[in-house]
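Asker: One structure coming up, written as structure tokens, with questions to follow.
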Amino acid sequence: MINIFKLAIIFNVFFFNALSAKIDVKGRVLSGGEALPGVNILVIETLNGTVSNKDGGFDLTFSAEGAFTVRFSAVGYKTKFVKLDIARNYNETLIINLETTSIEIDVVEVLDSRIQNQSDTRTSLINLQPKSARNLPGAVTDVFRSLQSLPGVLAPNDFSSQLIVRGSGPDQNLIIMDDVEVFNPYRLYGVISMFNPEAVSDISLITGGFPSRYGDRLSAVIDVTNRQGNFSRSISGSINASIVSANIVLEGKNPFNIPGSWLINSRRTYYDLIIEPFVKNTGLVEEDVSFPNFYDLQTKLAFGPFNGNKFFVNGILSRDGVKVISSEERVRPDSIGVVDLTKNDLLSFAWHFAPGKNILNKFILSWYRNAGDSDFDSELLDPSVDRNQFEDIAPDTLKPYLLGFGVKSDYIFRKYSVENRLNYFGEDFDLEAGAGLDFIRTNILFDFEIDPELQAVFNQNRGFRSALDDLDDQKDYFRAKFYIQNNFKLSEAIAVQPGIRFDYYDIMKKFYAAPRISAAYAVDNVTTLRGVWGIYYQSFGYEKLRDANKIFDFDRRYTEALKAEKSSHYVLSIERWLNNKWLAKFETYFKNFGNLIESKTVSGTAYSVTPKPGMDLRFLSGWNDPVRVIEDSTTTIPINASKGNAYGFELLIEKKNIYGDDRLSGWISYALAYAERLIDGRTIPFRFDQRHTANLVLNYRINSWLELGARFQYGTGFPLTEAIGIVPRIILADLDQDNIPESPVIATRGNTDRVIFDVDYGGKFNRLKSRKPDYHRLDMRVNAKANYWGLDWNFYLDIINVYNRSNVINYDYFVTDNLELKRRATNMLPILPTLGFSVRF
């Protein structure tokens with residue numbers, strides 16, 4: 001009772017002091033005589049701010065008299081700074097006119113200068129805004145790679161733009177584009193994301209505790225909004241080109257005096273057109289290597305406003321693929337044939353209707369397709385041998401060392417969605433409710449062809465014994481949702497947002513309710529405490545397996561008893577502005593996972609051998625005959641067999657460039673994280689568990705036309721299953737007439753009695769017990785601005801991994817002729833410079 005009493009006194013002191021001293025200033029923001037909603041308004045000296053409402057109106061509160069600078073900013077409009085002399089009798093209504101401008105979007109400024117309102121209860125929120133002020137070094141102007149430099153967000157490796165968020169896999173992230181959920185949003189096998197930085201206006205990443213609007217994922221939300229075209233000109237655009245890709249944007253206002261705008265943009269890589277011939281001519285790669293390529297076309301059409309109505313049409317057409325056929329003259333021992341094509345297409349229609357100044361309704365219809373067709377055929381060098389000893393050897397000589405592996409895969413994921421979302425804005429609350437239906441059809445096919453000796457290699461690894469079964473399945477199902485949430489103030493300092501979400505998953509015939517609540521407390525004008533608790537569910541489906549890199553058979557006979565995966569989030573954060581340029585934020589979190597889906601293990605037949613004392617183990621005479629043993633085998637059958645936790649804290653200190661004229665800006669972040677899973681009665685680290693992570697990002701403006709940027713990343717190593725020894729390979733003869741394997745035999749090389757050995761990874765008790773080496777990398781970027789022929793140009797040099805650090809992605813293990821187990825590291829990106837330019841017209 002004493003603590004509650006003291007807290008009440010503190011609240012009252014803040015509340016009555018604010019009432020006694022406040023000076024209210026009202027105004028409207030216009031552009032071309034039209035009301036301009038959604039403008040960010042910030043008082044520079046106090047860091048108080050607000051956003052203009054649907055009529056362009058705003059209210060600012062000042063706690064004292066004096067001179068203040070107010071900044072008005074919005075995407076597509078010139079930022080405006082207004083000087084105000086505030087006195088007790090101030091009663092002027094401000095009218096602010098903003099001019100439209102072409103949007104500078106060649107880069108992504110990861111930590112935007114927008115200020116999160118103190119009544120916004122969302123924790124773990126990161127807003128991204130495209131800006132011309134800087135490029136993030138090493139991110140290749142990719143939005144997802146920019147996020148990987150923030151606390152709580154990791155990359156699986158240098159080659160992937162996937163996001164690992166607070167101890168969760170990429171399949172547990174919800175990714176939305178213009179209110180439409182998308183699957184597998186990557187290009188070039190994950191190297192870059194589908195989001196064109198030239199077309200993005202806003203990106204929100206919520207790394208935990210997301211509100212009831214979002215569902216069917218356990219971990220995080222990436223919500224992307226594509227920008228509208230230029231309202232002030234009939235046509236304008238930009239070109240961004242480098243040695244690996246090109247990007248063109250065309251945009252303008254609608255013709256025939258139709259209110260609104262249009263925007264069309266397209267990207268294409270030309271690894272296959274420029275880089276591939278160059279590296280082949282220089283001998284860096286062989287003639288049988290083909291570089292991957294992709295192209296996409298995106299558009300956004302906006303119509304209105306028409307008496308409170310506005311309409312949007314969004315479209316995406318994307319293709320990426322590769323074709324690799326090994327030649328007879330190759331010097332590598334392996335022979336590979338790959339033909340692969342991936343499609344990502346989207347079409348959506350949105351109707352925004354505002355019948356009154358306090359009501360906004362959004363109605364969205366969408367169609368989305370993610371499809372792929374792949375044919376992989378190969379003869380691979382036996383993984384037990386040292387491949388360096390087999391370079392420049394004729395294929396006929398290699399025959400005893402080659403193992404056949406092939407797979408044909410075909411998948412199509414289609415989603416038809418309808419959703420309605422209603423917002424009602426009150427004086428001290430924001431009520432939101434929504435409902436929607438998703439109709440999903442998934443077709444998936446995997447057809448494996450495996451050499452018997454390669455199957456024997458898999459049999460030595462518990463994780464592969466039965467996990468490569470053929471799969472051919474089709475699913476037709478729907479998801480239904482309804483949610484409601486309300487953000488309201490308990491007092492001037494306290495805001496609360498309770499919410500609840502209801503989901504019905506037809507694929508499992510089950511209904512789930514997920515309550516959530518968050519709160520924010522404004523300790524003072526520059527300090528905010530926030531907290532959130534919530535329950536989250538995720539259904540299963542083939543469309544989620546691409547990001548998980550797993551194969552499950554979701555046949556009805558296996559899924560009747562399956563439950564939705566579940567997580568509970570607890571997040572507490574404190575944010576404080578040290579002055580009007582420096583921000584410090586500390587956040588701690590705990591995630592509990594339950595009912596996680598894993599592969600079912602069954603008892604199966606395996607074989608082991610023992611050596612003969614004093615004999616040469618390299619030869620068949622040194623070993624006794626194989627004996628039958630019972631061991632677990634992994635299957636493709638899904639079961640709720642795992643649970644786990646992820647917890648830690650994150651610290652961020654940022655130097656913002658609010659005025660746009662500071663020479664130095666950037667941030668430093670640190671995260672301490674723990675992520676673990678309980679599987680088969682054993683607690684093991686999550687495969688992307690990284691204990692310590694640090695990021696340093698700096699941008700320095702040398703003069704009016706030259707900028708230098710740097711990014712340094714450090715992380716302790718991911719978990720690793722390290723090989724512990726070698727074992728003789730055991731193969732089975734053909735099945736007899738009763739479909740029972742003949743007697744097992746020890747495999748020998750060709751027509752000799754020399755035993756073939758495989759690498760022993762120690763089974764489940766050795767799983768992920770070791771660690772990879774620490775990761776660290778320095779990237780740098782130089783931007784030079786110029787004006788030629790009346791156009792604004794930007795030339796840049798971006799260098800990834802400046803000091804050429806050999807970061808390990810994995811190890812290849814092999815057995816020497818003397819039966820020694822050796823390993824060789826497979827490394828990530830070496831030093832990689834890129835030249836490019838952008839121009840706007």
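Each chain of the structure tokens is named A, B, ... in the order shown, its residues numbered from 1; ligands are numbered from 1 in display order.
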What's the 7 Å shell around Asn794 (chain A), counting only C-alpha atoms, without same-chain residues fewer than 2 positions away, as a list in words?
Answerer: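 The residues satisfying every condition are Asn783, Ala784, Lys785, Ala786, Asp792, Tyr796, Phe837, Ser838 and Val839 of chain A.
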Asker: Please save all heavy atoms of the selected residues as a CSV table (one decimal), in the first residue's frame.
Answerer:
chain,number,residue,atom,x,y,z
A,783,ASN,N,30.6,8.3,-50.3
A,783,ASN,CA,29.6,8.9,-51.1
A,783,ASN,C,30.1,10.3,-51.6
A,783,ASN,O,30.5,11.1,-50.8
A,783,ASN,CB,28.3,9.1,-50.4
A,783,ASN,CG,27.5,7.8,-50.1
A,783,ASN,OD1,27.4,7.0,-51.0
A,783,ASN,ND2,27.0,7.7,-48.9
A,784,ALA,N,30.0,10.5,-52.9
A,784,ALA,CA,30.4,11.8,-53.5
A,784,ALA,C,29.2,12.4,-54.3
A,784,ALA,O,28.8,11.7,-55.2
A,784,ALA,CB,31.6,11.7,-54.4
A,785,LYS,N,28.8,13.6,-53.9
A,785,LYS,CA,27.6,14.2,-54.6
A,785,LYS,C,28.1,15.2,-55.7
A,785,LYS,O,29.2,15.8,-55.5
A,785,LYS,CB,26.7,14.9,-53.6
A,785,LYS,CG,26.2,14.0,-52.5
A,785,LYS,CD,25.3,14.8,-51.5
A,785,LYS,CE,24.8,13.9,-50.4
A,785,LYS,NZ,24.0,14.6,-49.4
A,786,ALA,N,27.4,15.3,-56.8
A,786,ALA,CA,27.7,16.2,-57.8
A,786,ALA,C,26.5,16.6,-58.6
A,786,ALA,O,25.4,16.0,-58.4
A,786,ALA,CB,28.8,15.6,-58.8
A,792,ASP,N,21.1,15.8,-60.1
A,792,ASP,CA,21.8,15.5,-58.9
A,792,ASP,C,22.3,14.1,-59.0
A,792,ASP,O,21.6,13.1,-59.2
A,792,ASP,CB,20.8,15.6,-57.7
A,792,ASP,CG,20.5,17.0,-57.4
A,792,ASP,OD1,21.3,17.9,-57.7
A,792,ASP,OD2,19.3,17.3,-57.0
A,796,TYR,N,29.4,6.3,-55.5
A,796,TYR,CA,29.8,5.7,-54.3
A,796,TYR,C,30.7,4.5,-54.5
A,796,TYR,O,30.7,3.9,-55.5
A,796,TYR,CB,28.6,5.2,-53.5
A,796,TYR,CG,27.7,4.2,-54.1
A,796,TYR,CD1,28.0,2.8,-54.0
A,796,TYR,CD2,26.6,4.5,-54.9
A,796,TYR,CE1,27.2,1.9,-54.6
A,796,TYR,CE2,25.8,3.6,-55.5
A,796,TYR,CZ,26.1,2.2,-55.3
A,796,TYR,OH,25.3,1.3,-55.9
A,837,PHE,N,26.5,4.4,-58.9
A,837,PHE,CA,26.0,5.8,-59.0
A,837,PHE,C,24.5,5.8,-59.0
A,837,PHE,O,23.8,4.8,-59.3
A,837,PHE,CB,26.6,6.5,-60.2
A,837,PHE,CG,25.9,6.1,-61.5
A,837,PHE,CD1,24.8,6.7,-62.0
A,837,PHE,CD2,26.4,5.0,-62.2
A,837,PHE,CE1,24.2,6.4,-63.1
A,837,PHE,CE2,25.8,4.6,-63.4
A,837,PHE,CZ,24.7,5.3,-63.9
A,838,SER,N,24.0,7.0,-58.6
A,838,SER,CA,22.5,7.2,-58.8
A,838,SER,C,22.4,8.6,-59.3
A,838,SER,O,23.2,9.5,-59.1
A,838,SER,CB,21.8,7.0,-57.4
A,838,SER,OG,22.3,8.0,-56.5
A,839,VAL,N,21.3,8.8,-60.1
A,839,VAL,CA,21.0,10.1,-60.6
A,839,VAL,C,19.5,10.3,-60.6
A,839,VAL,O,18.7,9.3,-60.9
A,839,VAL,CB,21.5,10.2,-62.1
A,839,VAL,CG1,21.0,9.2,-63.0
A,839,VAL,CG2,21.2,11.6,-62.6
Asker: Report the residues of region 546-765 of chain A whose backbone DSSP state falls under strand (DSSP E), written as number ranges by chain.
Answerer: A: 565-577, 582-608, 627-655, 664-679, 682-685, 692-701, 706-715, 719-720, 725-728, 730-731, 745-746, 757-760
Asker: Keeping only C-alpha atoms, write those residues as a short mmCIF file (atom, residue, chain, number, x, y, z; two decimals), in the first residue's frame.
Answerer:
data_model
loop_
_atom_site.label_atom_id
_atom_site.label_comp_id
_atom_site.auth_asym_id
_atom_site.auth_seq_id
_atom_site.Cartn_x
_atom_site.Cartn_y
_atom_site.Cartn_z
CA GLU A 565 3.14 -23.47 -31.89
CA LYS A 566 2.97 -20.98 -29.03
CA SER A 567 5.07 -18.24 -27.48
CA SER A 568 4.70 -15.77 -24.63
CA HIS A 569 6.52 -12.43 -24.70
CA TYR A 570 7.59 -10.28 -21.76
CA VAL A 571 9.36 -7.03 -22.64
CA LEU A 572 10.41 -4.04 -20.53
CA SER A 573 12.19 -0.98 -21.95
CA ILE A 574 13.36 2.47 -20.89
CA GLU A 575 14.13 5.21 -23.37
CA ARG A 576 15.73 8.57 -22.55
CA TRP A 577 16.82 11.54 -24.61
CA TRP A 582 21.50 11.80 -28.28
CA LEU A 583 19.12 8.92 -27.51
CA ALA A 584 19.73 6.00 -25.13
CA LYS A 585 17.53 2.93 -24.97
CA PHE A 586 17.72 -0.18 -22.78
CA GLU A 587 15.43 -3.16 -23.30
CA THR A 588 15.16 -6.56 -21.66
CA TYR A 589 12.99 -9.44 -22.86
CA PHE A 590 11.94 -13.01 -22.19
CA LYS A 591 10.29 -15.31 -24.74
CA ASN A 592 8.88 -18.70 -23.82
CA PHE A 593 8.20 -21.16 -26.64
CA GLY A 594 5.95 -24.22 -26.48
CA ASN A 595 4.53 -26.89 -28.79
CA LEU A 596 7.33 -26.32 -31.30
CA ILE A 597 7.16 -28.71 -34.24
CA GLU A 598 10.04 -31.14 -34.69
CA SER A 599 10.60 -34.33 -36.67
CA LYS A 600 9.36 -37.50 -35.05
CA THR A 601 12.04 -40.03 -34.14
CA VAL A 602 11.36 -43.74 -34.37
CA SER A 603 13.35 -46.82 -33.46
CA GLY A 604 15.15 -48.18 -36.48
CA THR A 605 17.76 -50.66 -37.55
CA ALA A 606 21.38 -49.63 -37.75
CA TYR A 607 24.66 -51.51 -37.90
CA SER A 608 27.96 -51.14 -36.13
CA VAL A 627 26.10 -56.40 -36.17
CA ARG A 628 22.53 -55.10 -35.95
CA VAL A 629 21.70 -52.44 -33.36
CA ILE A 630 18.60 -50.40 -32.55
CA GLU A 631 18.93 -46.63 -32.96
CA ASP A 632 16.59 -43.69 -33.40
CA SER A 633 15.84 -42.50 -36.90
CA THR A 634 14.53 -39.07 -37.86
CA THR A 635 11.43 -38.95 -40.05
CA THR A 636 9.47 -36.26 -41.87
CA ILE A 637 6.50 -36.77 -39.54
CA PRO A 638 5.78 -33.54 -37.56
CA ILE A 639 5.05 -33.62 -33.84
CA ASN A 640 4.88 -31.01 -31.04
CA ALA A 641 8.08 -32.20 -29.41
CA SER A 642 10.05 -29.12 -28.42
CA LYS A 643 9.95 -26.04 -26.24
CA GLY A 644 12.45 -23.38 -25.25
CA ASN A 645 13.34 -19.91 -24.05
CA ALA A 646 15.03 -16.81 -25.41
CA TYR A 647 16.05 -13.99 -23.10
CA GLY A 648 18.54 -11.17 -22.74
CA PHE A 649 18.96 -7.41 -22.89
CA GLU A 650 19.87 -4.82 -25.53
CA LEU A 651 21.47 -1.39 -25.27
CA LEU A 652 21.37 1.27 -27.95
CA ILE A 653 22.98 4.72 -27.95
CA GLU A 654 22.35 6.85 -31.01
CA LYS A 655 23.52 10.21 -32.24
CA LEU A 664 28.67 13.08 -37.32
CA SER A 665 25.81 10.67 -36.77
CA GLY A 666 25.38 6.95 -36.08
CA TRP A 667 24.85 4.50 -33.26
CA ILE A 668 26.43 1.84 -31.12
CA SER A 669 24.55 -1.18 -29.84
CA TYR A 670 25.20 -4.22 -27.69
CA ALA A 671 23.09 -7.32 -27.03
CA LEU A 672 23.50 -10.12 -24.51
CA ALA A 673 21.28 -13.02 -25.57
CA TYR A 674 20.48 -16.61 -24.60
CA ALA A 675 18.40 -18.95 -26.78
CA GLU A 676 17.81 -22.62 -26.05
CA ARG A 677 15.54 -25.50 -27.02
CA LEU A 678 14.46 -28.62 -25.11
CA ILE A 679 14.42 -31.55 -27.56
CA ARG A 682 17.92 -32.47 -23.59
CA THR A 683 18.48 -28.71 -23.50
CA ILE A 684 20.58 -27.55 -26.43
CA PRO A 685 21.36 -24.09 -27.79
CA HIS A 692 27.37 -11.33 -27.46
CA THR A 693 26.64 -9.01 -30.38
CA ALA A 694 27.95 -5.48 -30.95
CA ASN A 695 27.45 -2.99 -33.78
CA LEU A 696 29.05 0.37 -34.47
CA VAL A 697 27.72 2.53 -37.29
CA LEU A 698 29.19 5.96 -38.07
CA ASN A 699 28.54 8.50 -40.80
CA TYR A 700 30.77 11.56 -41.17
CA ARG A 701 30.12 14.44 -43.59
CA LEU A 706 31.69 14.12 -49.62
CA GLU A 707 30.63 11.63 -46.91
CA LEU A 708 32.36 8.69 -45.27
CA GLY A 709 30.50 5.82 -43.58
CA ALA A 710 31.70 2.83 -41.57
CA ARG A 711 30.06 -0.18 -39.94
CA PHE A 712 31.73 -2.67 -37.63
CA GLN A 713 30.00 -5.86 -36.52
CA TYR A 714 31.08 -8.36 -33.88
CA GLY A 715 29.40 -11.52 -32.68
CA PRO A 719 26.62 -23.35 -32.16
CA LEU A 720 28.28 -26.14 -34.12
CA GLY A 725 35.81 -39.41 -35.17
CA ILE A 726 35.44 -41.77 -38.10
CA VAL A 727 33.49 -45.01 -38.69
CA PRO A 728 33.52 -47.58 -41.50
CA ILE A 730 28.17 -49.92 -44.03
CA ILE A 731 25.97 -50.59 -47.04
CA VAL A 745 28.70 -55.26 -45.60
CA ILE A 746 31.54 -52.83 -45.02
CA PHE A 757 35.29 -44.32 -43.76
CA ASP A 758 32.64 -41.75 -42.91
CA VAL A 759 32.71 -38.88 -40.46
CA ASP A 760 31.12 -39.59 -37.08
#
Asker: Would you list the contacts of Gly499 (chain A) as a PyMOL selection string, taking every protein, DNA or RNA residue within 8 Å and counting only C-alpha atoms, but skipping same-chain residues closer than 2 positions in sequence?
Answerer: chain A and resi 211-212+483-486+497+501+515-517
Asker: One decimal, Å: what's the distance from CA of Thr299 (chain A) over to CA of Gly315 (chain A), could you say?
Answerer: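 Those two atoms sit 5.3 Å apart.
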Asker: Would you pick out the contacts of Glu92 (chain A) at 9 Å or less, using only C-alpha atoms, so that residues sharing its chain but fewer than 6 positions from it are not included, and give the list as a PDB file with N, CA and C atoms, in the first residue's frame?
Answerer:
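Saved file around.pdb follows:
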ATOM      1  N   VAL A  25      -0.827  25.265 -28.282  1.00  0.00           N
ATOM      2  CA  VAL A  25      -0.739  25.888 -29.594  1.00  0.00           C
ATOM      3  C   VAL A  25      -1.400  24.951 -30.599  1.00  0.00           C
ATOM      4  N   LYS A  26      -2.338  25.496 -31.354  1.00  0.00           N
ATOM      5  CA  LYS A  26      -3.057  24.704 -32.346  1.00  0.00           C
ATOM      6  C   LYS A  26      -2.661  25.145 -33.746  1.00  0.00           C
ATOM      7  N   GLY A  27      -2.880  24.257 -34.723  1.00  0.00           N
ATOM      8  CA  GLY A  27      -2.554  24.612 -36.098  1.00  0.00           C
ATOM      9  C   GLY A  27      -3.008  23.551 -37.079  1.00  0.00           C
TER      10      GLY A  27
END
Asker: Check the smallest atom-to-atom distance from each of A:Arg754, A:Lys769, A:Arg421, A:Lys509 to Arg213 (chain A) using only C-alpha atoms, then report the winner.
Answerer: A:Arg421
